[in-house]
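Peer 1: Structure file entry.pdb (PDB, C-alpha atoms and all ligand atoms) is given on the next line.
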```pdb
ATOM      1  CA  MET A   6      -3.665  20.643   8.454
ATOM      2  CA  SER A   7      -5.601  17.722   7.007
ATOM      3  CA  ARG A   8      -6.736  14.831   9.080
ATOM      4  CA  PRO A   9      -5.663  11.489   7.571
ATOM      5  CA  LYS A  10      -8.465   8.955   7.584
ATOM      6  CA  SER A  11      -6.229   6.446   9.319
ATOM      7  CA  ILE A  12      -6.185   8.341  12.641
ATOM      8  CA  LYS A  13      -8.679   5.914  14.168
ATOM      9  CA  ASN A  14      -6.439   2.990  13.212
ATOM     10  CA  ARG A  15      -3.380   4.780  14.547
ATOM     11  CA  ILE A  16      -4.760   4.898  18.088
ATOM     12  CA  ILE A  17      -3.185   2.046  20.043
ATOM     13  CA  LYS A  18      -5.667   0.802  22.636
ATOM     14  CA  LYS A  19      -4.103  -0.070  25.998
ATOM     15  CA  LEU A  20      -7.184   0.010  28.186
ATOM     16  CA  ILE A  21      -6.517   0.056  31.936
ATOM     17  CA  SER A  22      -8.545  -1.895  34.496
ATOM     18  CA  VAL A  23      -8.349   0.481  37.481
ATOM     19  CA  ASN A  24      -8.400   4.261  38.206
ATOM     20  CA  PHE A  25     -11.402   5.209  36.087
ATOM     21  CA  THR A  26     -15.184   5.297  36.539
ATOM     22  CA  LYS A  27     -17.594   3.510  34.231
ATOM     23  CA  GLY A  28     -19.875   5.984  32.437
ATOM     24  CA  ARG A  29     -20.049   9.746  32.942
ATOM     25  CA  GLY A  30     -22.983  10.089  35.303
ATOM     26  CA  ASP A  31     -25.478  12.432  33.661
ATOM     27  CA  LYS A  32     -22.769  14.409  31.847
ATOM     28  CA  ILE A  33     -21.606  14.291  28.269
ATOM     29  CA  PRO A  34     -18.008  15.131  27.340
ATOM     30  CA  HIS A  35     -17.775  18.593  25.809
ATOM     31  CA  MET A  36     -14.167  19.610  26.465
ATOM     32  CA  ILE A  37     -10.592  18.417  26.228
ATOM     33  CA  VAL A  38      -8.148  18.850  29.108
ATOM     34  CA  LEU A  39      -4.478  18.977  28.102
ATOM     35  CA  HIS A  40      -1.739  17.588  30.332
ATOM     36  CA  THR A  41       1.982  17.102  30.175
ATOM     37  CA  THR A  42       3.316  13.777  31.474
ATOM     38  CA  ASP A  43       6.015  15.246  33.735
ATOM     39  CA  GLY A  44       7.568  11.832  33.134
ATOM     40  CA  PHE A  45       8.124   9.322  30.345
ATOM     41  CA  GLY A  46       5.145   8.781  28.069
ATOM     42  CA  LYS A  47       6.075   5.141  27.607
ATOM     43  CA  ASN A  48       5.282   4.586  31.322
ATOM     44  CA  ASN A  49       1.757   6.024  31.047
ATOM     45  CA  PHE A  50      -0.014   2.680  30.818
ATOM     46  CA  ASN A  51       1.793   1.042  33.748
ATOM     47  CA  TRP A  52       1.347   4.117  35.908
ATOM     48  CA  PHE A  53      -2.372   4.547  35.143
ATOM     49  CA  ASN A  54      -2.923   0.797  35.533
ATOM     50  CA  SER A  55      -1.379   0.614  39.017
ATOM     51  CA  PRO A  56      -3.837   1.082  41.901
ATOM     52  CA  GLN A  57      -1.573   3.410  43.882
ATOM     53  CA  SER A  58      -1.481   6.097  41.153
ATOM     54  CA  GLN A  59      -5.184   6.953  41.551
ATOM     55  CA  SER A  60      -5.009   8.753  38.247
ATOM     56  CA  SER A  61      -5.609   8.145  34.558
ATOM     57  CA  SER A  62      -6.223   9.855  31.251
ATOM     58  CA  HIS A  63      -8.106   8.912  28.099
ATOM     59  CA  PHE A  64      -5.207   9.372  25.687
ATOM     60  CA  GLY A  65      -1.444   9.734  25.576
ATOM     61  CA  VAL A  66       0.483  11.375  22.708
ATOM     62  CA  MET A  67       4.165  10.432  22.455
ATOM     63  CA  LEU A  68       7.085  12.496  21.180
ATOM     64  CA  ASP A  69       7.299  10.281  18.064
ATOM     65  CA  GLY A  70       3.613  10.941  17.311
ATOM     66  CA  THR A  71       2.306   7.611  18.608
ATOM     67  CA  ILE A  72      -1.154   7.830  20.165
ATOM     68  CA  GLU A  73      -2.299   5.520  22.977
ATOM     69  CA  GLN A  74      -5.725   5.170  24.552
ATOM     70  CA  TYR A  75      -6.166   4.072  28.187
ATOM     71  CA  VAL A  76      -9.831   4.836  28.940
ATOM     72  CA  GLU A  77     -12.894   4.706  26.648
ATOM     73  CA  ILE A  78     -14.447   8.073  25.752
ATOM     74  CA  ASP A  79     -17.723   6.966  27.340
ATOM     75  CA  ASP A  80     -16.014   6.460  30.699
ATOM     76  CA  THR A  81     -14.662   8.970  33.215
ATOM     77  CA  ALA A  82     -10.872   9.187  33.562
ATOM     78  CA  TRP A  83      -9.317  10.640  36.705
ATOM     79  CA  HIS A  84      -7.155  13.447  35.352
ATOM     80  CA  ALA A  85      -8.444  16.959  36.074
ATOM     81  CA  GLY A  86      -8.453  16.867  39.885
ATOM     82  CA  ASN A  87     -12.092  17.976  39.743
ATOM     83  CA  TRP A  88     -14.908  15.433  39.595
ATOM     84  CA  ALA A  89     -17.373  17.547  37.572
ATOM     85  CA  ILE A  90     -14.660  18.395  35.043
ATOM     86  CA  ASN A  91     -13.567  14.742  34.852
ATOM     87  CA  GLN A  92     -17.143  13.735  33.991
ATOM     88  CA  ALA A  93     -17.413  16.399  31.298
ATOM     89  CA  SER A  94     -13.994  16.113  29.668
ATOM     90  CA  ILE A  95     -11.528  13.977  27.756
ATOM     91  CA  GLY A  96      -7.992  13.984  29.169
ATOM     92  CA  ILE A  97      -4.942  13.908  26.899
ATOM     93  CA  GLU A  98      -1.395  13.429  28.240
ATOM     94  CA  PHE A  99       1.404  14.864  26.091
ATOM     95  CA  ASP A 100       4.792  13.205  26.524
ATOM     96  CA  ASP A 101       7.591  15.490  27.750
ATOM     97  CA  ASN A 102      10.351  12.962  28.534
ATOM     98  CA  LYS A 103      10.310  14.242  32.122
ATOM     99  CA  ASN A 104      11.148  17.793  30.971
ATOM    100  CA  PRO A 105       7.790  19.541  31.411
ATOM    101  CA  ASN A 106       9.254  23.043  31.110
ATOM    102  CA  ASP A 107      11.652  22.462  28.238
ATOM    103  CA  SER A 108      10.888  22.870  24.565
ATOM    104  CA  ILE A 109      11.820  19.257  23.794
ATOM    105  CA  ARG A 110       8.396  18.670  22.269
ATOM    106  CA  THR A 111       8.462  17.539  18.642
ATOM    107  CA  ASN A 112       6.497  18.405  15.484
ATOM    108  CA  GLU A 113       5.225  14.802  15.512
ATOM    109  CA  LEU A 114       3.830  15.286  19.021
ATOM    110  CA  TYR A 115       2.022  18.462  18.028
ATOM    111  CA  SER A 116       0.652  17.186  14.724
ATOM    112  CA  SER A 117      -0.598  13.929  16.303
ATOM    113  CA  GLY A 118      -2.122  15.856  19.193
ATOM    114  CA  ILE A 119      -3.940  18.207  16.811
ATOM    115  CA  GLU A 120      -5.150  15.282  14.681
ATOM    116  CA  LEU A 121      -6.393  13.472  17.769
ATOM    117  CA  ILE A 122      -8.350  16.520  18.967
ATOM    118  CA  CYS A 123      -9.885  17.008  15.483
ATOM    119  CA  PHE A 124     -10.814  13.337  15.426
ATOM    120  CA  LEU A 125     -12.426  13.629  18.875
ATOM    121  CA  ILE A 126     -14.423  16.681  17.745
ATOM    122  CA  GLU A 127     -15.974  14.661  14.931
ATOM    123  CA  GLU A 128     -16.545  11.653  17.207
ATOM    124  CA  LEU A 129     -18.386  13.846  19.726
ATOM    125  CA  GLU A 130     -20.443  15.437  16.952
ATOM    126  CA  LYS A 131     -21.461  11.972  15.753
ATOM    127  CA  LYS A 132     -22.180  10.695  19.265
ATOM    128  CA  TYR A 133     -24.068  13.783  20.469
ATOM    129  CA  PRO A 134     -25.552  15.422  17.356
ATOM    130  CA  ASN A 135     -28.064  17.404  19.420
ATOM    131  CA  SER A 136     -25.736  18.792  22.046
ATOM    132  CA  PHE A 137     -22.254  19.016  20.545
ATOM    133  CA  LYS A 138     -21.302  21.027  17.464
ATOM    134  CA  ALA A 139     -17.893  22.548  16.848
ATOM    135  CA  SER A 140     -17.536  25.914  15.132
ATOM    136  CA  ALA A 141     -14.441  27.510  13.640
ATOM    137  CA  THR A 142     -14.262  30.266  16.238
ATOM    138  CA  ASN A 143     -11.883  31.194  19.030
ATOM    139  CA  ASP A 144     -14.875  31.252  21.329
ATOM    140  CA  PHE A 145     -15.571  27.571  20.701
ATOM    141  CA  LEU A 146     -11.875  26.699  21.095
ATOM    142  CA  SER A 147     -11.494  28.526  24.387
ATOM    143  CA  HIS A 148     -14.417  26.539  25.779
ATOM    144  CA  PHE A 149     -13.362  23.256  24.234
ATOM    145  CA  ILE A 150      -9.587  23.107  24.706
ATOM    146  CA  ARG A 151      -8.729  23.499  28.391
ATOM    147  CA  VAL A 152      -5.614  22.930  30.489
ATOM    148  CA  HIS A 153      -5.133  21.122  33.792
ATOM    149  CA  ARG A 154      -3.963  24.217  35.753
ATOM    150  CA  GLU A 155      -7.307  25.957  35.096
ATOM    151  CA  PHE A 156      -8.960  23.482  37.443
ATOM    152  CA  VAL A 157      -6.123  22.962  39.951
ATOM    153  CA  PRO A 158      -4.409  26.353  40.369
ATOM    154  CA  THR A 159      -1.545  24.832  42.406
ATOM    155  CA  LYS A 160      -0.457  22.918  39.295
ATOM    156  CA  THR A 161       1.514  24.235  36.324
ATOM    157  CA  CYS A 162       0.427  21.343  34.026
ATOM    158  CA  PRO A 163       0.726  21.321  31.024
ATOM    159  CA  ALA A 164       3.769  23.537  31.714
ATOM    160  CA  GLY A 165       5.746  24.232  28.514
ATOM    161  CA  LEU A 166       3.281  22.619  26.098
ATOM    162  CA  ASP A 167       2.476  25.156  23.353
ATOM    163  CA  ILE A 168      -1.307  25.465  23.780
ATOM    164  CA  ASP A 169      -1.635  28.220  21.154
ATOM    165  CA  ARG A 170       0.025  26.026  18.555
ATOM    166  CA  ILE A 171      -2.484  23.256  19.270
ATOM    167  CA  LYS A 172      -5.453  25.643  19.203
ATOM    168  CA  LYS A 173      -4.211  27.172  15.958
ATOM    169  CA  GLY A 174      -3.951  23.729  14.314
ATOM    170  CA  VAL A 175      -7.460  22.748  15.415
ATOM    171  CA  LEU A 176      -8.856  26.107  14.272
ATOM    172  CA  GLU A 177      -7.286  25.617  10.817
ATOM    173  CA  PHE A 178      -8.936  22.214  10.572
ATOM    174  CA  LEU A 179     -12.332  23.620  11.587
ATOM    175  CA  LYS A 180     -12.037  26.528   9.138
ATOM    176  CA  LYS A 181     -11.141  24.213   6.278
ATOM    177  CA  ARG A 182     -14.019  21.927   7.167
ATOM    178  CA  GLU A 183     -16.436  24.843   7.276
ATOM    179  CA  SER A 184     -15.357  26.157   3.882
ATOM    180  CA  ASN A 185     -15.648  22.637   2.404
ATOM    181  CA  ASN A 186     -19.175  22.380   3.747
ATOM    182  CA  ASN A 187     -20.039  25.797   2.328
ATOM    183  CA  ASN A 188     -18.736  24.730  -1.068
ATOM    184  CA  ILE A 189     -20.796  21.574  -0.900
ATOM    185  CA  ASP A 190     -23.856  23.622   0.072
ATOM    186  CA  SER A 191     -23.457  25.896  -2.939
ATOM    187  CA  ILE A 192     -22.899  22.929  -5.302
ATOM    188  CA  GLU A 193     -25.998  21.352  -3.824
ATOM    189  CA  THR A 194     -28.070  24.499  -4.441
ATOM    190  CA  ARG A 195     -26.904  24.790  -8.062
ATOM    191  CA  PHE A 196     -27.512  21.117  -8.525
ATOM    192  CA  PHE A 197     -31.147  21.450  -7.433
ATOM    193  CA  GLU A 198     -31.583  24.434  -9.769
ATOM    194  CA  ILE A 199     -30.345  22.374 -12.731
ATOM    195  CA  GLU A 200     -32.542  19.475 -11.729
ATOM    196  CA  LYS A 201     -35.545  21.810 -11.620
ATOM    197  CA  LYS A 202     -34.762  23.019 -15.139
ATOM    198  CA  ILE A 203     -34.450  19.473 -16.429
ATOM    199  CA  ASN A 204     -37.768  18.568 -14.856
ATOM    200  CA  TYR A 205     -39.348  21.653 -16.408
ATOM    201  CA  PHE A 206     -38.100  20.779 -19.899
ATOM    202  CA  SER A 207     -38.936  17.108 -19.619
ATOM    203  CA  SER A 208     -42.480  18.010 -18.591
ATOM    204  CA  PHE A 209     -42.958  19.360 -22.144
ATOM    205  CA  LEU A 210     -41.658  16.256 -23.830
ATOM    206  CA  PRO A 211     -44.872  14.196 -23.686
ATOM    207  CA  THR A 212     -46.838  17.145 -25.151
ATOM    208  CA  ILE A 213     -44.376  17.611 -28.019
ATOM    209  CA  GLU A 214     -44.345  13.900 -28.553
ATOM    210  CA  GLN A 215     -48.149  13.847 -28.735
ATOM    211  CA  ILE A 216     -48.238  16.731 -31.229
ATOM    212  CA  LEU A 217     -45.646  15.069 -33.432
ATOM    213  CA  SER A 218     -47.408  11.763 -33.327
ATOM    214  CA  ASP A 219     -50.781  13.418 -34.195
ATOM    215  CA  GLN A 220     -49.167  15.190 -37.136
ATOM    216  CA  ASN A 221     -47.632  11.937 -38.172
ATOM    217  CA  ASN A 222     -51.012  10.185 -38.156
ATOM    218  CA  LYS A 223     -52.645  12.984 -40.139
ATOM    219  CA  LEU A 224     -49.850  12.839 -42.671
ATOM    220  CA  ALA A 225     -50.262   9.092 -43.036
ATOM    221  CA  GLU A 226     -54.017   9.510 -43.565
ATOM    222  CA  PHE A 227     -53.417  12.197 -46.145
ATOM    223  CA  LYS A 228     -50.904  10.013 -47.910
ATOM    224  CA  ASN A 229     -53.372   7.127 -48.045
ATOM    225  CA  SER A 230     -56.087   9.306 -49.518
ATOM    226  CA  LEU A 231     -53.622  10.535 -52.150
ATOM    227  CA  PHE A 232     -52.775   6.989 -53.096
ATOM    228  CA  SER A 233     -56.413   6.068 -53.471
ATOM    229  CA  LEU A 234     -56.913   9.196 -55.605
ATOM    230  CA  GLN A 235     -54.012   8.033 -57.737
ATOM    231  CA  ASP A 236     -55.672   4.630 -58.174
ATOM    232  CA  PHE A 237     -58.921   6.341 -59.087
ATOM    233  CA  VAL A 238     -57.185   8.423 -61.733
ATOM    234  CA  TYR A 239     -55.529   5.347 -63.236
ATOM    235  CA  GLU A 240     -58.914   3.697 -63.542
ATOM    236  CA  LYS A 241     -60.276   6.797 -65.286
ATOM    237  CA  CYS A 242     -57.301   6.687 -67.593
ATOM    238  CA  ILE A 243     -58.236   3.201 -68.641
ATOM    239  CA  LYS A 244     -61.948   4.042 -69.090
ATOM    240  CA  THR A 245     -61.440   7.290 -71.016
ATOM    241  CA  SER A 246     -59.049   8.039 -73.838
ATOM    242  CA  ASP A 247     -57.699  11.391 -72.605
ATOM    243  CA  PHE A 248     -54.324   9.866 -71.813
ATOM    244  CA  GLU A 249     -52.236  12.986 -72.078
ATOM    245  CA  SER A 250     -54.055  15.159 -69.495
ATOM    246  CA  LEU A 251     -54.505  12.206 -67.174
ATOM    247  CA  LYS A 252     -50.852  11.404 -67.411
ATOM    248  CA  LEU A 253     -50.075  14.937 -66.234
ATOM    249  CA  VAL A 254     -52.444  14.650 -63.263
ATOM    250  CA  VAL A 255     -50.929  11.344 -62.308
ATOM    251  CA  GLU A 256     -47.395  12.768 -62.516
ATOM    252  CA  SER A 257     -48.239  15.714 -60.285
ATOM    253  CA  LEU A 258     -49.955  13.402 -57.797
ATOM    254  CA  LYS A 259     -46.952  11.164 -57.812
ATOM    255  CA  ASN A 260     -44.675  14.122 -56.998
ATOM    256  CA  GLU A 261     -47.029  15.237 -54.278
ATOM    257  CA  SER A 262     -46.954  11.824 -52.659
ATOM    258  CA  GLU A 263     -43.152  11.680 -52.874
ATOM    259  CA  PHE A 264     -42.992  15.021 -51.095
ATOM    260  CA  LEU A 265     -45.377  13.769 -48.428
ATOM    261  CA  LYS A 266     -43.323  10.649 -48.036
ATOM    262  CA  LYS A 267     -40.248  12.749 -47.315
ATOM    263  CA  GLU A 268     -42.164  14.818 -44.765
ATOM    264  CA  PHE A 269     -43.339  11.637 -43.211
ATOM    265  CA  TYR A 270     -39.792  10.357 -42.690
ATOM    266  CA  LEU A 271     -38.668  13.738 -41.369
ATOM    267  CA  LEU A 272     -41.381  13.587 -38.756
ATOM    268  CA  LYS A 273     -40.442  10.048 -37.909
ATOM    269  CA  ASP A 274     -36.824  11.182 -37.370
ATOM    270  CA  SER A 275     -38.060  13.977 -35.120
ATOM    271  CA  LEU A 276     -39.927  11.451 -33.053
ATOM    272  CA  ASP A 277     -36.826   9.275 -32.737
ATOM    273  CA  LEU A 278     -34.793  12.321 -31.744
ATOM    274  CA  LEU A 279     -37.373  13.237 -29.166
ATOM    275  CA  ASN A 280     -37.198   9.763 -27.679
ATOM    276  CA  LYS A 281     -33.428  10.036 -27.539
ATOM    277  CA  ILE A 282     -33.646  13.398 -25.745
ATOM    278  CA  ASN A 283     -36.134  11.908 -23.338
ATOM    279  CA  PHE A 284     -33.816   9.005 -22.600
ATOM    280  CA  PHE A 285     -30.861  11.363 -22.229
ATOM    281  CA  PHE A 286     -32.770  13.468 -19.685
ATOM    282  CA  PHE A 287     -33.701  10.358 -17.777
ATOM    283  CA  LYS A 288     -30.053   9.205 -17.630
ATOM    284  CA  LEU A 289     -28.869  12.693 -16.715
ATOM    285  CA  LYS A 290     -31.274  12.775 -13.794
ATOM    286  CA  GLU A 291     -29.999   9.403 -12.589
ATOM    287  CA  VAL A 292     -26.391  10.593 -12.740
ATOM    288  CA  PHE A 293     -27.356  13.768 -10.880
ATOM    289  CA  LYS A 294     -29.024  11.774  -8.151
ATOM    290  CA  ARG A 295     -25.989   9.552  -7.673
ATOM    291  CA  PHE A 296     -23.681  12.584  -7.648
ATOM    292  CA  LEU A 297     -25.883  14.338  -5.113
ATOM    293  CA  ASN A 298     -25.890  11.336  -2.792
ATOM    294  CA  LYS A 299     -22.095  11.246  -2.960
ATOM    295  CA  ILE A 300     -21.902  14.933  -2.058
ATOM    296  CA  LEU A 301     -24.360  14.594   0.810
ATOM    297  CA  ASN A 302     -22.375  11.684   2.230
ATOM    298  CA  LYS A 303     -19.233  13.792   2.229
ATOM    299  CA  LYS A 304     -20.874  16.564   4.188
ATOM    300  CA  VAL A 305     -20.163  16.547   7.897
TER     301      VAL A 305
HETATM  302 ZN    ZN B 401      -2.092  17.412  34.282
END
```
Kindly return the structure encoded in the file as structure tokens.

Peer 2:
Amino acid sequence: MSRPKSIKNRIIKKLISVNFTKGRGDKIPHMIVLHTTDGFGKNNFNWFNSPQSQSSSHFGVMLDGTIEQYVEIDDTAWHAGNWAINQASIGIEFDDNKNPNDSIRTNELYSSGIELICFLIEELEKKYPNSFKASATNDFLSHFIRVHREFVPTKTCPAGLDIDRIKKGVLEFLKKRESNNNNIDSIETRFFEIEKKINYFSSFLPTIEQILSDQNNKLAEFKNSLFSLQDFVYEKCIKTSDFESLKLVVESLKNESEFLKKEFYLLKDSLDLLNKINFFFFKLKEVFKRFLNKILNKKV
């Protein structure tokens, strides 16, 4: 079961003006109470909004999957027949077309009901991060999903509604969510490991860069001194007459300087490469950071 993002937009608000209490006293909602309409779901609003009914519920789920809301989550609806439970719970009425004991309930009713409960779990977690946290366990579900007859033993409500089917759907959602979060956690851990490695390698870059640049400077100095030696030899060649041996010296010096020139350019290329690597690391780190933020935002 996956919860479509549009669930919030699918809830049709039909807020009533009577039969509920503003606020929840000192309680926070931490359970859902399931009901069956024992009537026509389409009459929910009019019934809850008429003073003589003296009853209400937060939500109604229709046989076609439509979801209606009559009371805000922050307020107390009159549905459980028990004031303390009303203050601590969210009431949901499931349509039964006035056949509470029959199996006329549809797939749409069940899937919308399950989606609504999953949505409410995440709303409560957001609203009360310090006191409400769902877990994918039967223990959590048995505390969280309750039925009307638990609190008023003379009632059969929610009668033929398949509670196990609803619990199973919510449990599947919670399990999937938990495994997604675990996956994200492990990606996050690996991500930090890679980032550490990148930081480690990039910490060497300035040192390597410095060494290369020192070598480069030394090479340039050496090259300059060779050139001046060359000039000196040319002068000697003019002042003396030993042309042949001087010519040889000059040739060898010329070769030497060509070789040094090549080395010089090689080093220069290495420096350029190093700068490119440096830049690449920098970009990679930026991408990682953006990716990480995305992941963290997805985590519930
Ligand atoms: Zn009921």

Peer 1: Residues at most 8 Å from segment 24-32 of chain A, counting all atoms listed in the file, excluding those fewer than 3 positions away in the same chain, as a ChimeraX atom specification?

Peer 2: /A:21,53-56,58-61,76,79-83,92-93

Peer 1: Within 12 Å of segment 212-214 of chain A, counting only C-alpha atoms, which residues qualify if same-chain residues fewer than 2 places away don't, as a PyMOL selection string?

Peer 2: chain A and resi 206-210+216-221+272-283

Peer 1: Find the residue from A:Phe264, A:Tyr133, A:His35, A:Ile203 that sits nearest to Leu146 of chain A; use all atoms listed in the file when measuring.

Peer 2: A:His35

Peer 1: Neighbouring residues of Phe50 of chain A were defined as those with any atom within 10 Å, considering all atoms listed in the file; residues of the same chain fewer than 2 positions away were excluded. Please report them as a ChimeraX atom specification.

Peer 2: /A:19-21,46-48,52-55,61-62,64-65,73-75

Peer 1: Please expand the PyMOL selection byres (((not hetatm)) within 7 of (chain B and resi 401)) into the concrete residues it hits in this file, giving the result as a list of chain:residue names.

Peer 2: A:Leu39, A:His40, A:Thr41, A:His84, A:Ala85, A:His153, A:Cys162, A:Pro163

Peer 1: Quick one: residues within 10 Å of Leu176 of chain A, all atoms listed in the file, excluding same-chain residues fewer than 6 positions away - as a ChimeraX atom specification?

Peer 2: /A:6,119,123,140-143,145-146,170,182

Peer 1: Taking the file above as input, evaluate the PyMOL selection byres (((chain A and resi 196) around 12) and not hetatm) and report the hits as a ChimeraX atom specification.

Peer 2: /A:189-195,197-203,289-290,292-298,300-301

Peer 1: Between atom CA of Ile122 of chain A and atom CA of Asn185 of chain A, measure the distance and give it in Å to one decimal.

Peer 2: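 Separating atom CA of Ile122 of chain A from atom CA of Asn185 of chain A is a distance of 19.1 Å.
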
Peer 1: In Å to one decimal, how far is atom CA of Ser147 of chain A from atom CA of Asn188 of chain A?

Peer 2: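 Calculated distance between atom CA of Asn188 of chain A and atom CA of Ser147 of chain A is 26.7 Å.
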
Peer 1: Report, in Å to a single decimal, how far apart atom CA of Asn135 of chain A and atom CA of Lys173 of chain A are.

Peer 2: 26.0 Å
